[in-house]
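S.K.: Here's a structure for you.
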Amino acid sequence: MIDRLNYLKDIRGIGVFTARPGMGKSYTLRCFSKSLNQNLYQMQYICLSTVSVSEFYKQLCTSLGLEVKGGKTTMFKSIQERIYYLYKEKRKPLIIAIDEGQYLNSGILKDLKMLMNHGYDSLNCFTLIIAGEPHLNHTLEKPVHEALRQRITVHYNYSGLDDSEVSAYISHKLSIAGSSRTIIEDAAISAAHSYSRGNPRLIDNVMTYALDLGAQLKKEVIDAETMMLAIDAQSLF
């Protein structure tokens, strides 16, 4: 995802990134933001709940340091002028990252396409990143959003860690905690992977519970039986 974000930053287009909850979308956006040269790029991060088009424009105006005044048309003009100013005059292209994009309504999605329209569609002045859960893709597939969909340069869906990555992830976490990979059996790791389907947040949760449970049971190694008890307990929540 970081590689794709860097590519998108250079070409200035629209990128859509989807994954199930707990996969690390917001974390990746934070890492990407920290990696940017602040003298060359201006990134604005917006985390959405369900908002109207007008509320979205007010939120975007505030993020860009613009005065919130007038109606939608006035705010749209101010936003587009600021975007062009950052690109042309300050030579500091804007990167807008919208998180929880599955809550974007049709009105906002249509206006986002219009915001990208500079110089009769001949110029991309900023980068737009939309991150959300997989059903965002179903929204974008609707005929009304075809024009926006055609503008998407990068479309990436993250499905989770595979077997080897889950093992490496758990080993890394144990190492950071000052422990060793030898305290957990391969069968227990496989069980954690099957339960989590490669979701880092679920892996963290079940591993924490398995370690707590192992300590209570005075286990020297987290075996498959201990992991299954932890999984059964997690499944109750």
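So you can find residues: chains in the structure tokens are A, B, ... in the order shown, residues in each start at 1, and ligands are numbered from 1 in order.
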Can you pull out every residue within 7 Å of A:Val68, counting only C-alpha atoms, but drop anything in the same chain fewer than 5 positions away, and send it as number ranges by chain?
M.R.: A: 58, 61-62
S.K.: Can you pull out the residues contacting A:Leu136? Cut-off 12 Å, using only C-alpha atoms, and skip same-chain residues under 4 positions away; I want them as a ChimeraX atom specification.
M.R.: /A:16-20,99-106,109,130-132,140-142,145,149,155-157
S.K.: Keeping only C-alpha atoms, write the selected residues as a PDB file, in the first residue's frame.
M.R.:
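Contents of the output file again_39.pdb:
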ATOM      1  CA  VAL A  16      -8.997   3.711  -3.680  1.00  0.00           C
ATOM      2  CA  PHE A  17      -7.731   1.385  -0.939  1.00  0.00           C
ATOM      3  CA  THR A  18     -10.053  -1.140   0.678  1.00  0.00           C
ATOM      4  CA  ALA A  19      -9.720  -3.789   3.359  1.00  0.00           C
ATOM      5  CA  ARG A  20     -11.706  -5.295   6.202  1.00  0.00           C
ATOM      6  CA  ASP A  99     -10.647   7.533   5.714  1.00  0.00           C
ATOM      7  CA  GLU A 100     -13.790   5.458   6.365  1.00  0.00           C
ATOM      8  CA  GLY A 101     -14.746   6.157   2.753  1.00  0.00           C
ATOM      9  CA  GLN A 102     -17.548   3.584   2.852  1.00  0.00           C
ATOM     10  CA  TYR A 103     -19.674   6.317   4.445  1.00  0.00           C
ATOM     11  CA  LEU A 104     -19.334   8.695   1.493  1.00  0.00           C
ATOM     12  CA  ASN A 105     -22.711   9.384  -0.030  1.00  0.00           C
ATOM     13  CA  SER A 106     -23.387   9.735  -3.752  1.00  0.00           C
ATOM     14  CA  LEU A 109     -18.571  11.199  -4.551  1.00  0.00           C
ATOM     15  CA  ILE A 130     -10.057   7.164  -0.432  1.00  0.00           C
ATOM     16  CA  ALA A 131      -9.674   4.342   2.099  1.00  0.00           C
ATOM     17  CA  GLY A 132     -12.537   2.233   3.360  1.00  0.00           C
ATOM     18  CA  LEU A 140     -18.280   2.846  -6.848  1.00  0.00           C
ATOM     19  CA  GLU A 141     -19.607   0.184  -9.241  1.00  0.00           C
ATOM     20  CA  LYS A 142     -22.950   1.997  -9.530  1.00  0.00           C
ATOM     21  CA  HIS A 145     -20.186   6.901 -10.401  1.00  0.00           C
ATOM     22  CA  ARG A 149     -14.447   5.253 -11.394  1.00  0.00           C
ATOM     23  CA  HIS A 155      -7.338   0.470  -6.949  1.00  0.00           C
ATOM     24  CA  TYR A 156      -5.995  -1.838  -4.263  1.00  0.00           C
ATOM     25  CA  ASN A 157      -7.788  -4.306  -2.019  1.00  0.00           C
TER      26      ASN A 157
END
S.K.: Tell me, in Å to one decimal, how far atom CA of A:Glu67 is from atom CA of A:Tyr84.
M.R.: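 Separating atom CA of A:Glu67 from atom CA of A:Tyr84 is a distance of 16.9 Å.
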S.K.: Set the distance at 12 Å and use only C-alpha atoms: which residues neighbour A:Gln59 once local chain neighbours fewer than 2 positions away are removed? I'd like the list as a PyMOL selection string.
M.R.: chain A and resi 44-49+51-57+61-69+72+75-76+79+96+98
S.K.: So that I have them on file, write out the residues from the current selection with C-alpha atoms, as an mmCIF file, in the first residue's frame.
M.R.:
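Written file, part_32.cif:
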data_model
loop_
_atom_site.group_PDB
_atom_site.id
_atom_site.type_symbol
_atom_site.label_atom_id
_atom_site.label_comp_id
_atom_site.auth_asym_id
_atom_site.auth_seq_id
_atom_site.Cartn_x
_atom_site.Cartn_y
_atom_site.Cartn_z
ATOM 1 C CA GLN A 44 -4.882 16.606 4.854
ATOM 2 C CA TYR A 45 -6.451 13.613 6.589
ATOM 3 C CA ILE A 46 -10.228 13.474 6.950
ATOM 4 C CA CYS A 47 -11.961 10.677 8.853
ATOM 5 C CA LEU A 48 -15.606 10.540 7.877
ATOM 6 C CA SER A 49 -18.735 9.644 9.685
ATOM 7 C CA VAL A 51 -22.112 13.582 6.638
ATOM 8 C CA SER A 52 -23.994 15.647 4.085
ATOM 9 C CA VAL A 53 -22.333 17.298 1.092
ATOM 10 C CA SER A 54 -22.450 20.683 2.836
ATOM 11 C CA GLU A 55 -20.915 19.272 6.025
ATOM 12 C CA PHE A 56 -18.184 17.632 3.966
ATOM 13 C CA TYR A 57 -17.318 20.948 2.318
ATOM 14 C CA CYS A 61 -12.572 24.096 4.204
ATOM 15 C CA THR A 62 -11.502 23.847 7.836
ATOM 16 C CA SER A 63 -8.761 21.349 6.949
ATOM 17 C CA LEU A 64 -7.397 23.730 4.303
ATOM 18 C CA GLY A 65 -7.506 26.744 6.609
ATOM 19 C CA LEU A 66 -10.314 28.395 4.659
ATOM 20 C CA GLU A 67 -13.097 30.437 6.178
ATOM 21 C CA VAL A 68 -16.359 28.507 6.221
ATOM 22 C CA LYS A 69 -18.848 30.869 4.655
ATOM 23 C CA LYS A 72 -21.843 24.824 -1.298
ATOM 24 C CA MET A 75 -17.077 26.742 -0.635
ATOM 25 C CA PHE A 76 -16.423 24.605 -3.737
ATOM 26 C CA ILE A 79 -11.487 24.899 -2.164
ATOM 27 C CA ILE A 96 -6.325 14.617 0.535
ATOM 28 C CA ILE A 98 -10.360 10.377 3.215
#
S.K.: Give me, as a PyMOL selection string, all polymer residues having an atom no more than 10 Å from A:Pro93, counting only C-alpha atoms and skipping those fewer than 6 positions away in the same chain.
M.R.: chain A and resi 9-10+12+40-43+83-87+124-127
S.K.: Take the selection from the previous step and output its residues with N, CA and C atoms, as a PDB file, in the first residue's frame.
M.R.:
ATOM      1  N   LYS A   9       1.182   9.669  -5.275  1.00  0.00           N
ATOM      2  CA  LYS A   9       1.675  10.996  -4.906  1.00  0.00           C
ATOM      3  C   LYS A   9       2.389  11.653  -6.079  1.00  0.00           C
ATOM      4  N   ASP A  10       3.157  10.865  -6.822  1.00  0.00           N
ATOM      5  CA  ASP A  10       3.954  11.409  -7.925  1.00  0.00           C
ATOM      6  C   ASP A  10       3.119  11.744  -9.156  1.00  0.00           C
ATOM      7  N   ARG A  12      -0.316  12.276  -9.119  1.00  0.00           N
ATOM      8  CA  ARG A  12      -1.477  13.077  -8.733  1.00  0.00           C
ATOM      9  C   ARG A  12      -2.756  12.565  -9.408  1.00  0.00           C
ATOM     10  N   LEU A  40       7.467  19.750   0.419  1.00  0.00           N
ATOM     11  CA  LEU A  40       7.069  19.454  -0.953  1.00  0.00           C
ATOM     12  C   LEU A  40       5.605  19.071  -1.101  1.00  0.00           C
ATOM     13  N   TYR A  41       4.997  18.612  -0.005  1.00  0.00           N
ATOM     14  CA  TYR A  41       3.606  18.159  -0.075  1.00  0.00           C
ATOM     15  C   TYR A  41       2.832  18.635   1.156  1.00  0.00           C
ATOM     16  N   GLN A  42       1.542  18.863   0.953  1.00  0.00           N
ATOM     17  CA  GLN A  42       0.640  19.161   2.069  1.00  0.00           C
ATOM     18  C   GLN A  42      -0.435  18.082   2.098  1.00  0.00           C
ATOM     19  N   MET A  43      -0.461  17.324   3.177  1.00  0.00           N
ATOM     20  CA  MET A  43      -1.457  16.252   3.279  1.00  0.00           C
ATOM     21  C   MET A  43      -2.503  16.607   4.311  1.00  0.00           C
ATOM     22  N   ILE A  83      -6.596  24.670  -3.851  1.00  0.00           N
ATOM     23  CA  ILE A  83      -5.886  23.517  -4.410  1.00  0.00           C
ATOM     24  C   ILE A  83      -4.973  23.960  -5.558  1.00  0.00           C
ATOM     25  N   TYR A  84      -5.492  24.808  -6.435  1.00  0.00           N
ATOM     26  CA  TYR A  84      -4.698  25.281  -7.569  1.00  0.00           C
ATOM     27  C   TYR A  84      -3.538  26.151  -7.100  1.00  0.00           C
ATOM     28  N   TYR A  85      -3.790  26.984  -6.089  1.00  0.00           N
ATOM     29  CA  TYR A  85      -2.745  27.856  -5.530  1.00  0.00           C
ATOM     30  C   TYR A  85      -1.595  27.030  -4.949  1.00  0.00           C
ATOM     31  N   LEU A  86      -1.941  25.976  -4.213  1.00  0.00           N
ATOM     32  CA  LEU A  86      -0.904  25.127  -3.619  1.00  0.00           C
ATOM     33  C   LEU A  86      -0.064  24.455  -4.704  1.00  0.00           C
ATOM     34  N   TYR A  87      -0.721  24.059  -5.782  1.00  0.00           N
ATOM     35  CA  TYR A  87      -0.021  23.365  -6.864  1.00  0.00           C
ATOM     36  C   TYR A  87       0.806  24.327  -7.715  1.00  0.00           C
ATOM     37  N   ASN A 124      -4.199  17.491 -13.318  1.00  0.00           N
ATOM     38  CA  ASN A 124      -4.416  16.959 -11.968  1.00  0.00           C
ATOM     39  C   ASN A 124      -3.594  17.789 -10.988  1.00  0.00           C
ATOM     40  N   CYS A 125      -4.283  18.566 -10.150  1.00  0.00           N
ATOM     41  CA  CYS A 125      -3.585  19.467  -9.232  1.00  0.00           C
ATOM     42  C   CYS A 125      -3.332  18.842  -7.871  1.00  0.00           C
ATOM     43  N   PHE A 126      -4.023  17.761  -7.555  1.00  0.00           N
ATOM     44  CA  PHE A 126      -3.844  17.169  -6.237  1.00  0.00           C
ATOM     45  C   PHE A 126      -4.083  15.665  -6.288  1.00  0.00           C
ATOM     46  N   THR A 127      -3.719  15.022  -5.209  1.00  0.00           N
ATOM     47  CA  THR A 127      -3.898  13.576  -5.072  1.00  0.00           C
ATOM     48  C   THR A 127      -5.061  13.314  -4.127  1.00  0.00           C
TER      49      THR A 127
END
S.K.: Using only C-alpha atoms, which residues sit within 12 Å of A:Asp162 once same-chain residues fewer than 2 positions away are excluded, as a list in words?
M.R.: Tyr158, Ser159, Gly160, Ser164, Glu165, Val166, Ser167, Ala168, Tyr169, Ile189, Ser190, Ala192, His193, Ser194, Ser196, Arg197, Gly198, Asn199 and Pro200 of chain A
S.K.: Could you write out, as a PyMOL selection string, all the residues of stretch 3-193 of chain A that DSSP marks as strand (DSSP E or B)?
M.R.: chain A and resi 14-19+42-47+94-99+118+123+126-132+152-158+184
S.K.: When you draw a straight line from atom CA of A:Ala230 to atom CA of A:Ala215, how long is it in Å?
M.R.: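 Taking atom CA of A:Ala230 and atom CA of A:Ala215, their separation equals 12.2 Å.
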S.K.: Record the distance separating atom CA of A:Ile184 and atom CA of A:Asp223, expressed in Å with one decimal.
M.R.: 6.2 Å
S.K.: If you run DSSP on this backbone, which residues of stretch 124-202 of chain A come out as helix (DSSP H, G or I), and could you give them as a ChimeraX atom specification?
M.R.: /A:135-140,143-151,163-176,181-183,186-196,200-202
S.K.: Let's have the selection written as a CSV table (one decimal), in the first residue's frame, with N, CA and C atoms.
M.R.:
chain,number,residue,atom,x,y,z
A,135,HIS,N,-17.1,-2.8,1.0
A,135,HIS,CA,-18.3,-2.4,0.3
A,135,HIS,C,-18.3,-1.0,-0.4
A,136,LEU,N,-17.2,-0.3,-0.1
A,136,LEU,CA,-17.0,1.0,-0.9
A,136,LEU,C,-16.9,0.6,-2.4
A,137,ASN,N,-16.3,-0.5,-2.7
A,137,ASN,CA,-16.1,-0.9,-4.1
A,137,ASN,C,-17.5,-1.1,-4.8
A,138,HIS,N,-18.5,-1.7,-4.0
A,138,HIS,CA,-19.8,-1.9,-4.6
A,138,HIS,C,-20.5,-0.5,-4.8
A,139,THR,N,-20.2,0.4,-4.0
A,139,THR,CA,-20.8,1.8,-4.2
A,139,THR,C,-20.2,2.4,-5.5
A,140,LEU,N,-18.9,2.3,-5.7
A,140,LEU,CA,-18.3,2.8,-6.8
A,140,LEU,C,-18.7,2.2,-8.1
A,143,PRO,N,-23.6,2.8,-11.7
A,143,PRO,CA,-23.5,3.6,-13.0
A,143,PRO,C,-23.3,5.1,-12.7
A,144,VAL,N,-24.0,5.6,-11.7
A,144,VAL,CA,-23.9,7.1,-11.4
A,144,VAL,C,-22.4,7.5,-11.2
A,145,HIS,N,-21.6,6.6,-10.7
A,145,HIS,CA,-20.2,6.9,-10.4
A,145,HIS,C,-19.2,6.5,-11.5
A,146,GLU,N,-19.7,6.2,-12.7
A,146,GLU,CA,-18.8,5.7,-13.7
A,146,GLU,C,-17.7,6.7,-14.0
A,147,ALA,N,-18.0,8.0,-14.1
A,147,ALA,CA,-17.0,9.0,-14.4
A,147,ALA,C,-15.9,9.1,-13.4
A,148,LEU,N,-16.3,9.0,-12.1
A,148,LEU,CA,-15.3,8.9,-11.0
A,148,LEU,C,-14.5,7.7,-11.1
A,149,ARG,N,-15.1,6.5,-11.3
A,149,ARG,CA,-14.4,5.3,-11.4
A,149,ARG,C,-13.4,5.2,-12.5
A,150,GLN,N,-13.7,5.9,-13.6
A,150,GLN,CA,-12.7,5.9,-14.7
A,150,GLN,C,-11.5,6.7,-14.4
A,151,ARG,N,-11.6,7.6,-13.4
A,151,ARG,CA,-10.5,8.4,-13.0
A,151,ARG,C,-9.6,7.8,-12.0
A,163,ASP,N,0.1,-17.3,5.3
A,163,ASP,CA,0.7,-18.2,6.3
A,163,ASP,C,2.1,-17.7,6.8
A,164,SER,N,3.0,-17.5,5.9
A,164,SER,CA,4.4,-17.1,6.3
A,164,SER,C,4.4,-15.7,6.9
A,165,GLU,N,3.5,-14.8,6.5
A,165,GLU,CA,3.5,-13.5,7.0
A,165,GLU,C,2.9,-13.5,8.4
A,166,VAL,N,1.9,-14.3,8.7
A,166,VAL,CA,1.3,-14.4,10.0
A,166,VAL,C,2.4,-14.9,11.0
A,167,SER,N,3.2,-15.9,10.6
A,167,SER,CA,4.2,-16.4,11.5
A,167,SER,C,5.3,-15.4,11.7
A,168,ALA,N,5.7,-14.6,10.7
A,168,ALA,CA,6.7,-13.6,10.8
A,168,ALA,C,6.2,-12.4,11.7
A,169,TYR,N,4.9,-12.1,11.5
A,169,TYR,CA,4.3,-11.0,12.3
A,169,TYR,C,4.3,-11.4,13.8
A,170,ILE,N,3.8,-12.6,14.1
A,170,ILE,CA,3.8,-13.0,15.5
A,170,ILE,C,5.2,-13.1,16.1
A,171,SER,N,6.2,-13.6,15.3
A,171,SER,CA,7.6,-13.7,15.8
A,171,SER,C,8.1,-12.3,16.1
A,172,HIS,N,7.8,-11.3,15.2
A,172,HIS,CA,8.2,-9.9,15.4
A,172,HIS,C,7.6,-9.3,16.6
A,173,LYS,N,6.4,-9.5,16.9
A,173,LYS,CA,5.7,-9.0,18.1
A,173,LYS,C,6.3,-9.6,19.3
A,174,LEU,N,6.5,-10.9,19.3
A,174,LEU,CA,7.1,-11.6,20.5
A,174,LEU,C,8.5,-11.0,20.7
A,175,SER,N,9.3,-10.8,19.7
A,175,SER,CA,10.6,-10.3,19.8
A,175,SER,C,10.6,-8.9,20.4
A,176,ILE,N,9.7,-8.0,20.0
A,176,ILE,CA,9.6,-6.7,20.5
A,176,ILE,C,9.3,-6.7,22.0
A,181,ARG,N,10.2,-16.8,19.7
A,181,ARG,CA,9.3,-17.6,18.9
A,181,ARG,C,9.1,-19.0,19.4
A,182,THR,N,10.0,-19.5,20.2
A,182,THR,CA,9.9,-20.9,20.7
A,182,THR,C,8.8,-21.1,21.7
A,183,ILE,N,8.2,-20.0,22.2
A,183,ILE,CA,7.1,-20.2,23.2
A,183,ILE,C,5.8,-20.5,22.6
A,186,ASP,N,3.9,-24.2,16.1
A,186,ASP,CA,3.5,-23.9,14.7
A,186,ASP,C,2.0,-24.2,14.6
A,187,ALA,N,1.5,-25.2,15.2
A,187,ALA,CA,0.1,-25.6,15.1
A,187,ALA,C,-0.8,-24.4,15.8
A,188,ALA,N,-0.3,-23.8,16.8
A,188,ALA,CA,-1.0,-22.7,17.4
A,188,ALA,C,-1.1,-21.5,16.5
A,189,ILE,N,0.1,-21.3,15.8
A,189,ILE,CA,0.1,-20.1,14.9
A,189,ILE,C,-0.9,-20.4,13.7
A,190,SER,N,-0.9,-21.6,13.2
A,190,SER,CA,-1.9,-22.0,12.2
A,190,SER,C,-3.3,-21.8,12.6
A,191,ALA,N,-3.6,-22.1,13.9
A,191,ALA,CA,-4.9,-21.9,14.4
A,191,ALA,C,-5.3,-20.4,14.5
A,192,ALA,N,-4.3,-19.6,14.9
A,192,ALA,CA,-4.5,-18.1,15.0
A,192,ALA,C,-4.7,-17.6,13.6
A,193,HIS,N,-4.0,-18.1,12.6
A,193,HIS,CA,-4.2,-17.6,11.2
A,193,HIS,C,-5.6,-18.0,10.7
A,194,SER,N,-6.0,-19.2,10.9
A,194,SER,CA,-7.3,-19.6,10.5
A,194,SER,C,-8.4,-18.8,11.1
A,195,TYR,N,-8.3,-18.5,12.4
A,195,TYR,CA,-9.3,-17.7,13.1
A,195,TYR,C,-9.3,-16.2,12.6
A,196,SER,N,-8.1,-15.7,12.4
A,196,SER,CA,-8.0,-14.2,12.1
A,196,SER,C,-8.2,-13.9,10.6
A,200,PRO,N,-4.4,-8.4,11.2
A,200,PRO,CA,-3.5,-8.1,12.3
A,200,PRO,C,-4.2,-7.8,13.6
A,201,ARG,N,-5.3,-7.1,13.6
A,201,ARG,CA,-5.9,-6.7,14.8
A,201,ARG,C,-6.4,-7.9,15.6
A,202,LEU,N,-7.0,-8.9,14.8
A,202,LEU,CA,-7.6,-10.1,15.4
A,202,LEU,C,-6.4,-11.0,15.9
S.K.: Find the residue from A:Leu36, A:Met114, A:Ile222, A:Ala97 that sits nearest to A:Thr73; use only C-alpha atoms when measuring.
M.R.: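 Distance minimum relative to A:Thr73 lands on A:Met114.
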S.K.: Determine the nearest neighbour of A:Leu8 from the options A:Leu123, A:Val154, A:Met116, A:Ile231, counting only C-alpha atoms.
M.R.: A:Val154
